[in-house]
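Source file run13.cif; content: mmCIF, C-alpha atoms.
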```
data_data
#
loop_
_atom_site.group_PDB
_atom_site.id
_atom_site.type_symbol
_atom_site.label_atom_id
_atom_site.label_comp_id
_atom_site.auth_asym_id
_atom_site.auth_seq_id
_atom_site.Cartn_x
_atom_site.Cartn_y
_atom_site.Cartn_z
ATOM 1 C CA MET A 255 92.004 171.274 -2.825
ATOM 2 C CA LYS A 256 88.931 172.304 -0.882
ATOM 3 C CA LEU A 257 87.755 170.600 2.329
ATOM 4 C CA VAL A 258 84.053 171.111 2.972
ATOM 5 C CA GLY A 259 82.461 170.599 6.385
ATOM 6 C CA MET A 260 82.379 171.887 9.934
ATOM 7 C CA LEU A 261 85.116 171.222 12.468
ATOM 8 C CA ASP A 262 82.494 170.155 15.009
ATOM 9 C CA SER A 263 82.510 166.918 13.007
ATOM 10 C CA PRO A 264 85.366 164.646 14.135
ATOM 11 C CA TYR A 265 85.488 163.232 10.613
ATOM 12 C CA VAL A 266 86.086 166.669 9.083
ATOM 13 C CA ARG A 267 88.592 167.559 11.779
ATOM 14 C CA ARG A 268 90.685 164.402 11.344
ATOM 15 C CA VAL A 269 90.944 165.138 7.626
ATOM 16 C CA ALA A 270 91.873 168.796 8.213
ATOM 17 C CA ILE A 271 94.597 167.860 10.701
ATOM 18 C CA SER A 272 95.854 165.109 8.401
ATOM 19 C CA LEU A 273 96.046 167.496 5.446
ATOM 20 C CA GLU A 274 98.132 169.815 7.597
ATOM 21 C CA LEU A 275 100.458 166.991 8.664
ATOM 22 C CA TYR A 276 100.809 165.817 5.066
ATOM 23 C CA GLY A 277 101.753 169.355 4.072
ATOM 24 C CA VAL A 278 98.929 169.600 1.525
ATOM 25 C CA ALA A 279 97.661 173.106 0.789
ATOM 26 C CA PHE A 280 93.882 173.365 0.938
ATOM 27 C CA GLU A 281 90.986 175.732 1.522
ATOM 28 C CA HIS A 282 88.553 174.937 4.321
ATOM 29 C CA GLN A 283 84.944 175.786 3.507
ATOM 30 C CA ALA A 284 82.957 175.565 6.745
ATOM 31 C CA LEU A 285 79.544 174.444 5.507
ATOM 32 C CA SER A 286 77.012 172.652 7.693
ATOM 33 C CA VAL A 287 75.012 169.651 6.543
ATOM 34 C CA PHE A 288 72.126 171.239 8.457
ATOM 35 C CA SER A 289 72.115 175.037 8.292
ATOM 36 C CA THR A 290 73.742 175.359 4.850
ATOM 37 C CA PHE A 291 72.342 172.183 3.292
ATOM 38 C CA ASP A 292 71.478 173.799 -0.062
ATOM 39 C CA GLU A 293 74.892 175.421 -0.484
ATOM 40 C CA PHE A 294 76.614 172.155 0.491
ATOM 41 C CA SER A 295 74.443 170.214 -1.978
ATOM 42 C CA ARG A 296 75.721 172.342 -4.850
ATOM 43 C CA ILE A 297 79.227 171.027 -4.118
ATOM 44 C CA ASN A 298 78.228 167.477 -3.243
ATOM 45 C CA PRO A 299 74.574 166.495 -3.853
ATOM 46 C CA VAL A 300 74.926 163.737 -1.235
ATOM 47 C CA VAL A 301 75.711 166.441 1.390
ATOM 48 C CA LYS A 302 78.183 164.308 3.304
ATOM 49 C CA ALA A 303 80.907 165.801 5.483
ATOM 50 C CA PRO A 304 83.759 165.727 4.989
ATOM 51 C CA THR A 305 83.824 166.327 1.273
ATOM 52 C CA LEU A 306 87.164 166.927 -0.424
ATOM 53 C CA VAL A 307 87.196 168.601 -3.842
ATOM 54 C CA LEU A 308 90.424 167.824 -5.667
ATOM 55 C CA ASP A 309 92.201 170.253 -7.977
ATOM 56 C CA ASP A 310 90.727 168.515 -11.025
ATOM 57 C CA GLY A 311 87.181 168.771 -9.633
ATOM 58 C CA THR A 312 86.925 165.171 -8.422
ATOM 59 C CA VAL A 313 84.722 165.007 -5.312
ATOM 60 C CA LEU A 314 85.709 162.556 -2.572
ATOM 61 C CA MET A 315 83.703 161.859 0.579
ATOM 62 C CA ASP A 316 83.996 159.770 3.751
ATOM 63 C CA SER A 317 86.998 160.531 5.938
ATOM 64 C CA GLY A 318 88.465 157.048 5.613
ATOM 65 C CA LEU A 319 88.407 157.117 1.819
ATOM 66 C CA ILE A 320 89.747 160.674 1.693
ATOM 67 C CA LEU A 321 92.616 159.726 3.985
ATOM 68 C CA GLU A 322 93.376 156.619 1.941
ATOM 69 C CA TYR A 323 93.838 158.892 -1.081
ATOM 70 C CA LEU A 324 95.993 161.365 0.852
ATOM 71 C CA GLU A 325 98.154 158.560 2.237
ATOM 72 C CA ALA A 326 98.759 157.345 -1.329
ATOM 73 C CA LEU A 327 99.859 160.868 -2.314
ATOM 74 C CA ALA A 328 102.255 161.306 0.615
ATOM 75 C CA PRO A 329 105.992 160.753 0.142
ATOM 76 C CA GLY A 330 107.490 157.902 2.155
ATOM 77 C CA GLY A 331 108.678 160.023 5.058
ATOM 78 C CA ASP A 332 105.371 161.853 5.428
ATOM 79 C CA LYS A 333 103.036 158.872 5.624
ATOM 80 C CA LEU A 334 100.799 158.552 8.697
ATOM 81 C CA MET A 335 100.132 154.818 8.374
ATOM 82 C CA PRO A 336 102.691 152.033 8.805
ATOM 83 C CA ARG A 337 103.522 149.844 5.829
ATOM 84 C CA GLN A 338 104.384 146.646 7.685
ATOM 85 C CA ALA A 339 101.322 144.423 8.066
ATOM 86 C CA ALA A 340 101.519 143.724 11.797
ATOM 87 C CA ALA A 341 102.018 147.396 12.692
ATOM 88 C CA LEU A 342 99.263 148.380 10.265
ATOM 89 C CA ALA A 343 96.842 145.975 11.927
ATOM 90 C CA LYS A 344 97.539 147.523 15.346
ATOM 91 C CA ASP A 345 96.969 151.045 14.041
ATOM 92 C CA LEU A 346 93.794 149.996 12.242
ATOM 93 C CA GLN A 347 92.563 148.504 15.518
ATOM 94 C CA VAL A 348 92.989 151.889 17.229
ATOM 95 C CA ILE A 349 91.389 153.765 14.333
ATOM 96 C CA GLY A 350 88.423 151.385 14.248
ATOM 97 C CA LEU A 351 87.747 151.876 17.951
ATOM 98 C CA ALA A 352 88.125 155.658 17.691
ATOM 99 C CA LEU A 353 85.730 155.844 14.741
ATOM 100 C CA ALA A 354 83.250 153.608 16.543
ATOM 101 C CA ALA A 355 83.403 155.997 19.507
ATOM 102 C CA CYS A 356 82.750 158.927 17.141
ATOM 103 C CA GLU A 357 79.789 157.133 15.601
ATOM 104 C CA LYS A 358 78.233 156.284 18.967
ATOM 105 C CA THR A 359 78.779 159.844 20.220
ATOM 106 C CA VAL A 360 77.006 161.192 17.128
ATOM 107 C CA GLN A 361 74.114 158.777 17.662
ATOM 108 C CA ILE A 362 73.681 159.914 21.272
ATOM 109 C CA VAL A 363 73.822 163.593 20.245
ATOM 110 C CA TYR A 364 71.245 163.035 17.503
ATOM 111 C CA GLU A 365 68.952 161.128 19.843
ATOM 112 C CA HIS A 366 68.852 164.018 22.295
ATOM 113 C CA HIS A 367 68.941 166.962 19.900
ATOM 114 C CA LEU A 368 67.142 165.842 16.750
ATOM 115 C CA ARG A 369 64.574 163.324 17.945
ATOM 116 C CA PRO A 370 61.487 164.639 19.787
ATOM 117 C CA ALA A 371 61.668 163.850 23.505
ATOM 118 C CA GLU A 372 58.528 161.724 23.352
ATOM 119 C CA LYS A 373 60.189 159.554 20.691
ATOM 120 C CA LEU A 374 63.312 158.735 22.705
ATOM 121 C CA HIS A 375 63.832 155.006 23.160
ATOM 122 C CA GLN A 376 65.876 154.476 26.317
ATOM 123 C CA PRO A 377 66.893 150.862 25.586
ATOM 124 C CA TRP A 378 68.472 152.060 22.341
ATOM 125 C CA ILE A 379 70.285 154.912 24.113
ATOM 126 C CA ASP A 380 71.546 152.465 26.753
ATOM 127 C CA ARG A 381 72.817 150.119 24.067
ATOM 128 C CA VAL A 382 74.658 152.854 22.164
ATOM 129 C CA THR A 383 76.131 154.207 25.410
ATOM 130 C CA GLY A 384 77.389 150.736 26.270
ATOM 131 C CA GLN A 385 79.050 150.480 22.868
ATOM 132 C CA LEU A 386 80.666 153.895 23.374
ATOM 133 C CA LEU A 387 82.053 152.900 26.759
ATOM 134 C CA ALA A 388 83.330 149.608 25.349
ATOM 135 C CA ALA A 389 85.168 151.408 22.539
ATOM 136 C CA TYR A 390 86.838 153.837 24.917
ATOM 137 C CA SER A 391 87.705 151.112 27.437
ATOM 138 C CA LEU A 392 89.509 149.156 24.723
ATOM 139 C CA LEU A 393 91.202 152.319 23.451
ATOM 140 C CA GLU A 394 92.336 153.174 26.966
ATOM 141 C CA ALA A 395 94.031 149.791 27.279
ATOM 142 C CA LEU A 396 95.720 150.107 23.879
ATOM 143 C CA LEU A 397 96.995 153.621 24.559
ATOM 144 C CA ALA A 398 98.488 152.443 27.850
ATOM 145 C CA GLU A 399 100.823 150.246 25.782
ATOM 146 C CA ARG A 400 101.919 152.987 23.365
ATOM 147 C CA ASP A 401 104.744 155.487 23.554
ATOM 148 C CA SER A 402 103.068 158.725 24.583
ATOM 149 C CA GLU A 403 105.944 160.770 23.114
ATOM 150 C CA ALA A 404 105.839 159.181 19.658
ATOM 151 C CA PRO A 405 105.117 161.399 16.626
ATOM 152 C CA LEU A 406 101.514 161.746 15.518
ATOM 153 C CA THR A 407 100.170 158.994 13.299
ATOM 154 C CA GLN A 408 96.735 158.505 11.798
ATOM 155 C CA ALA A 409 95.897 156.195 14.685
ATOM 156 C CA SER A 410 97.026 158.565 17.416
ATOM 157 C CA LEU A 411 95.455 161.668 15.886
ATOM 158 C CA THR A 412 92.126 159.920 15.268
ATOM 159 C CA ALA A 413 92.011 158.684 18.863
ATOM 160 C CA ALA A 414 92.659 162.217 20.133
ATOM 161 C CA VAL A 415 90.072 163.777 17.797
ATOM 162 C CA ALA A 416 87.477 161.230 18.909
ATOM 163 C CA TRP A 417 88.078 161.820 22.613
ATOM 164 C CA SER A 418 87.980 165.610 22.290
ATOM 165 C CA PHE A 419 84.739 165.356 20.310
ATOM 166 C CA THR A 420 83.054 163.146 22.888
ATOM 167 C CA GLN A 421 84.175 165.371 25.740
ATOM 168 C CA LEU A 422 82.834 168.435 23.938
ATOM 169 C CA LYS A 423 79.458 166.924 23.089
ATOM 170 C CA ILE A 424 78.544 164.456 25.839
ATOM 171 C CA ALA A 425 80.982 164.886 28.713
ATOM 172 C CA ASP A 426 78.195 163.928 31.111
ATOM 173 C CA VAL A 427 77.993 160.446 29.578
ATOM 174 C CA ILE A 428 81.689 159.585 29.966
ATOM 175 C CA ASN A 429 83.530 159.754 33.294
ATOM 176 C CA ALA A 430 86.799 161.201 32.006
ATOM 177 C CA ASP A 431 88.662 160.241 35.189
ATOM 178 C CA ALA A 432 88.173 156.589 34.253
ATOM 179 C CA PHE A 433 90.259 157.111 31.104
ATOM 180 C CA PRO A 434 93.550 158.743 32.204
ATOM 181 C CA HIS A 435 95.583 157.535 29.203
ATOM 182 C CA LEU A 436 93.010 158.912 26.771
ATOM 183 C CA GLN A 437 92.937 162.203 28.656
ATOM 184 C CA ARG A 438 96.730 162.567 28.578
ATOM 185 C CA HIS A 439 96.933 161.463 24.961
ATOM 186 C CA ALA A 440 94.311 163.961 23.778
ATOM 187 C CA ALA A 441 95.743 166.796 25.886
ATOM 188 C CA ARG A 442 99.173 166.298 24.333
ATOM 189 C CA ALA A 443 97.766 166.065 20.812
ATOM 190 C CA GLU A 444 95.683 169.217 21.239
ATOM 191 C CA GLN A 445 98.914 171.151 21.864
ATOM 192 C CA HIS A 446 100.261 170.184 18.448
ATOM 193 C CA PRO A 447 100.216 173.063 15.918
ATOM 194 C CA ALA A 448 98.073 171.046 13.473
ATOM 195 C CA PHE A 449 95.427 170.506 16.156
ATOM 196 C CA SER A 450 95.608 174.144 17.281
ATOM 197 C CA LYS A 451 95.075 175.331 13.711
ATOM 198 C CA PHE A 452 91.844 173.344 13.469
ATOM 199 C CA PRO A 453 90.364 173.466 16.974
ATOM 200 C CA VAL A 454 87.383 171.413 18.045
ATOM 201 C CA GLU A 455 84.277 173.615 17.847
#
```
Just dump the structure as structure tokens.
Amino acid sequence: MKLVGMLDSPYVRRVAISLELYGVAFEHQALSVFSTFDEFSRINPVVKAPTLVLDDGTVLMDSGLILEYLEALAPGGDKLMPRQAAALAKDLQVIGLALAACEKTVQIVYEHHLRPAEKLHQPWIDRVTGQLLAAYSLLEALLAERDSEAPLTQASLTAAVAWSFTQLKIADVINADAFPHLQRHAARAEQHPAFSKFPVE
């Protein structure tokens, strides 16, 4: 398999780490949707990261859909999602909040780095920032209830990837000291060999 995309994308990184945890051999092709757009488009004309090219040439995109496929491939003992409905709902709650935080972080980054300064719309930035803070506040409360020493799951790794991404890109927007459980959770996850192999860029 071939994973296409840059590790500065939390969506690419969560797939790379998941592939490692699943024990799936793959090649990482670090292409940017910006600087190497044309080369990326020859693999996936939609130019969406992450893109996963399967051994038979099938092209998958969107981290959630890619991970759904990988979860289906994984043997019972290697799965990262619970099978029981109630436990699954709790993990999906965490994943949804983490992905929302990623999305809002990306929107803030794009507003400040891609949109001309004279085009910035502060009410929109304030709204997105409020959504980001809400997502992390809810995540903080949920992580406070979880076993911090439990093995990595899709929920726990996605929460850690999201937090590390936000801290890398917009640390000035989030007061990290207000989220001690998230800080501890991400710090522990980043020490895992799968995280170390695919560091946040």
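For the pair atom CA of Gln338 of chain A and atom CA of Glu444 of chain A, the interatomic distance is 27.7 Å.
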In Å, how far is it from atom CA of Thr290 of chain A to atom CA of Glu455 of chain A?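 Computed distance, atom CA of Thr290 of chain A to atom CA of Glu455 of chain A, equals 16.8 Å.
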Please evaluate the PyMOL selection byres ((chain A and resi 389-399) around 6) against the structure above and give the resulting residues as a count of residues only. 8
Selection near segment 277-279 of chain A, 12 Å with all atoms listed in the file, sequence-local residues under 3 positions removed, as a ChimeraX atom specification: /A:255-257,269-274,282,308-309,321,324-325,327-329,331-334,448
List, as a PyMOL selection string, every residue that the PyMOL selection byres ((chain A and resi 362-372) around 8) selects in the file provided. chain A and resi 358-361+373-374+379+382-383+423-424
Just to confirm, what's the straight-line distance from atom CA of Pro453 of chain A to atom CA of Leu275 of chain A in Å (one decimal)?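 Atom CA of Leu275 of chain A lies 14.6 Å from atom CA of Pro453 of chain A.
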List the neighbours of Pro299 of chain A out to 12 Å using all atoms listed in the file; skip same-chain residues closer than 6 positions along the sequence, and give me the result as a PyMOL selection string. chain A and resi 287+291-293+305+313-315
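Proximity of A:Gln408, A:Ser402, A:Gln283, A:Ser295 to Ala440 of chain A, computed with only C-alpha atoms, is greatest for A:Ser402.
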Counting all atoms listed in the file, which residues have an atom no more than 6 Å from (79.4, 160.6, 0.4) in the file's coordinates? Please list them as a ChimeraX atom specification. /A:300,302,315-316
Calculate, to one decimal in Å, the centre and edge lengths of the box along x, y and z of the file that holds all listed atoms of segment 326-334 of chain A with 3 Å of margin on each side, and present them as lines of an AutoDock Vina configuration file.
```
center_x = 103.7
center_y = 159.6
center_z = 3.2
size_x = 15.9
size_y = 10.5
size_z = 17.0
```
Could you expand the PyMOL selection byres ((chain A and resi 422) around 12) into the explicit residues it covers here, written as an MDAnalysis selection string? chainID A and resid 262:264 356 359:360 363 415:421 423:428 430 453:455
Using all atoms listed in the file, find the one residue out of A:Phe433, A:Phe449, A:Tyr276, A:Tyr265 that sits nearest to Met335 of chain A.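 Result for the nearest residue to Met335 of chain A: A:Tyr276.
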Selected residue of minimal separation from Ala443 of chain A among A:Pro304, A:Met260, A:Trp378, A:Arg268, counting all atoms listed in the file: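 Residue with the minimum atom-to-atom distance to Ala443 of chain A: A:Arg268.
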Taking all atoms listed in the file into account, name the residue in A:Thr312, A:Thr407, A:Thr412, A:Asn298 that is nearest to Ala354 of chain A.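 Residue with the minimum atom-to-atom distance to Ala354 of chain A: A:Thr412.
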Output as a compact mmCIF listing (two decimals), keeping the file's coordinate frame: segment 362-393 of chain A, completed with N, CA and C atoms.
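Below you can see result.txt, which holds the result:
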```
# COMPACT_ATOMS: atom_id res chain seq x y z
N ILE A 362 74.23 159.41 20.01
CA ILE A 362 73.68 159.91 21.27
C ILE A 362 73.28 161.39 21.12
N VAL A 363 74.14 162.17 20.47
CA VAL A 363 73.82 163.59 20.24
C VAL A 363 72.55 163.73 19.42
N TYR A 364 72.44 162.95 18.36
CA TYR A 364 71.24 163.04 17.50
C TYR A 364 69.99 162.61 18.25
N GLU A 365 70.11 161.59 19.07
CA GLU A 365 68.95 161.13 19.84
C GLU A 365 68.40 162.24 20.72
N HIS A 366 69.29 163.00 21.33
CA HIS A 366 68.85 164.02 22.30
C HIS A 366 68.55 165.37 21.66
N HIS A 367 69.10 165.63 20.48
CA HIS A 367 68.94 166.96 19.90
C HIS A 367 68.10 166.99 18.63
N LEU A 368 67.93 165.86 17.97
CA LEU A 368 67.14 165.84 16.75
C LEU A 368 65.83 165.08 16.90
N ARG A 369 65.80 164.11 17.78
CA ARG A 369 64.57 163.32 17.94
C ARG A 369 63.68 163.97 19.01
N PRO A 370 62.39 164.09 18.77
CA PRO A 370 61.49 164.64 19.79
C PRO A 370 61.58 163.82 21.08
N ALA A 371 61.49 164.51 22.21
CA ALA A 371 61.67 163.85 23.50
C ALA A 371 60.72 162.67 23.68
N GLU A 372 59.50 162.80 23.17
CA GLU A 372 58.53 161.72 23.35
C GLU A 372 58.85 160.50 22.49
N LYS A 373 59.81 160.66 21.57
CA LYS A 373 60.19 159.55 20.69
C LYS A 373 61.47 158.84 21.15
N LEU A 374 62.08 159.35 22.21
CA LEU A 374 63.31 158.74 22.70
C LEU A 374 63.04 157.30 23.15
N HIS A 375 63.96 156.41 22.79
CA HIS A 375 63.83 155.01 23.16
C HIS A 375 65.01 154.66 24.06
N GLN A 376 64.79 154.62 25.36
CA GLN A 376 65.88 154.48 26.32
C GLN A 376 66.69 153.20 26.12
N PRO A 377 66.07 152.05 25.82
CA PRO A 377 66.89 150.86 25.59
C PRO A 377 67.91 151.05 24.47
N TRP A 378 67.53 151.79 23.43
CA TRP A 378 68.47 152.06 22.34
C TRP A 378 69.60 152.97 22.82
N ILE A 379 69.26 154.01 23.58
CA ILE A 379 70.28 154.91 24.11
C ILE A 379 71.24 154.15 25.03
N ASP A 380 70.70 153.26 25.85
CA ASP A 380 71.55 152.46 26.75
C ASP A 380 72.49 151.57 25.96
N ARG A 381 71.99 150.99 24.90
CA ARG A 381 72.82 150.12 24.07
C ARG A 381 73.96 150.89 23.42
N VAL A 382 73.64 152.04 22.82
CA VAL A 382 74.66 152.85 22.16
C VAL A 382 75.68 153.35 23.18
N THR A 383 75.21 153.74 24.36
CA THR A 383 76.13 154.21 25.41
C THR A 383 77.06 153.08 25.84
N GLY A 384 76.55 151.88 25.93
CA GLY A 384 77.39 150.74 26.27
C GLY A 384 78.45 150.48 25.22
N GLN A 385 78.08 150.64 23.95
CA GLN A 385 79.05 150.48 22.87
C GLN A 385 80.13 151.57 22.92
N LEU A 386 79.72 152.79 23.24
CA LEU A 386 80.67 153.90 23.37
C LEU A 386 81.67 153.62 24.49
N LEU A 387 81.18 153.19 25.63
CA LEU A 387 82.05 152.90 26.76
C LEU A 387 82.99 151.74 26.45
N ALA A 388 82.49 150.74 25.73
CA ALA A 388 83.33 149.61 25.35
C ALA A 388 84.46 150.06 24.43
N ALA A 389 84.14 150.92 23.46
CA ALA A 389 85.17 151.41 22.54
C ALA A 389 86.25 152.17 23.28
N TYR A 390 85.84 153.05 24.19
CA TYR A 390 86.84 153.84 24.92
C TYR A 390 87.60 153.00 25.93
N SER A 391 86.99 151.99 26.52
CA SER A 391 87.70 151.11 27.44
C SER A 391 88.81 150.35 26.71
N LEU A 392 88.50 149.86 25.51
CA LEU A 392 89.51 149.16 24.72
C LEU A 392 90.60 150.11 24.25
N LEU A 393 90.21 151.32 23.86
CA LEU A 393 91.20 152.32 23.45
C LEU A 393 92.12 152.69 24.61
```
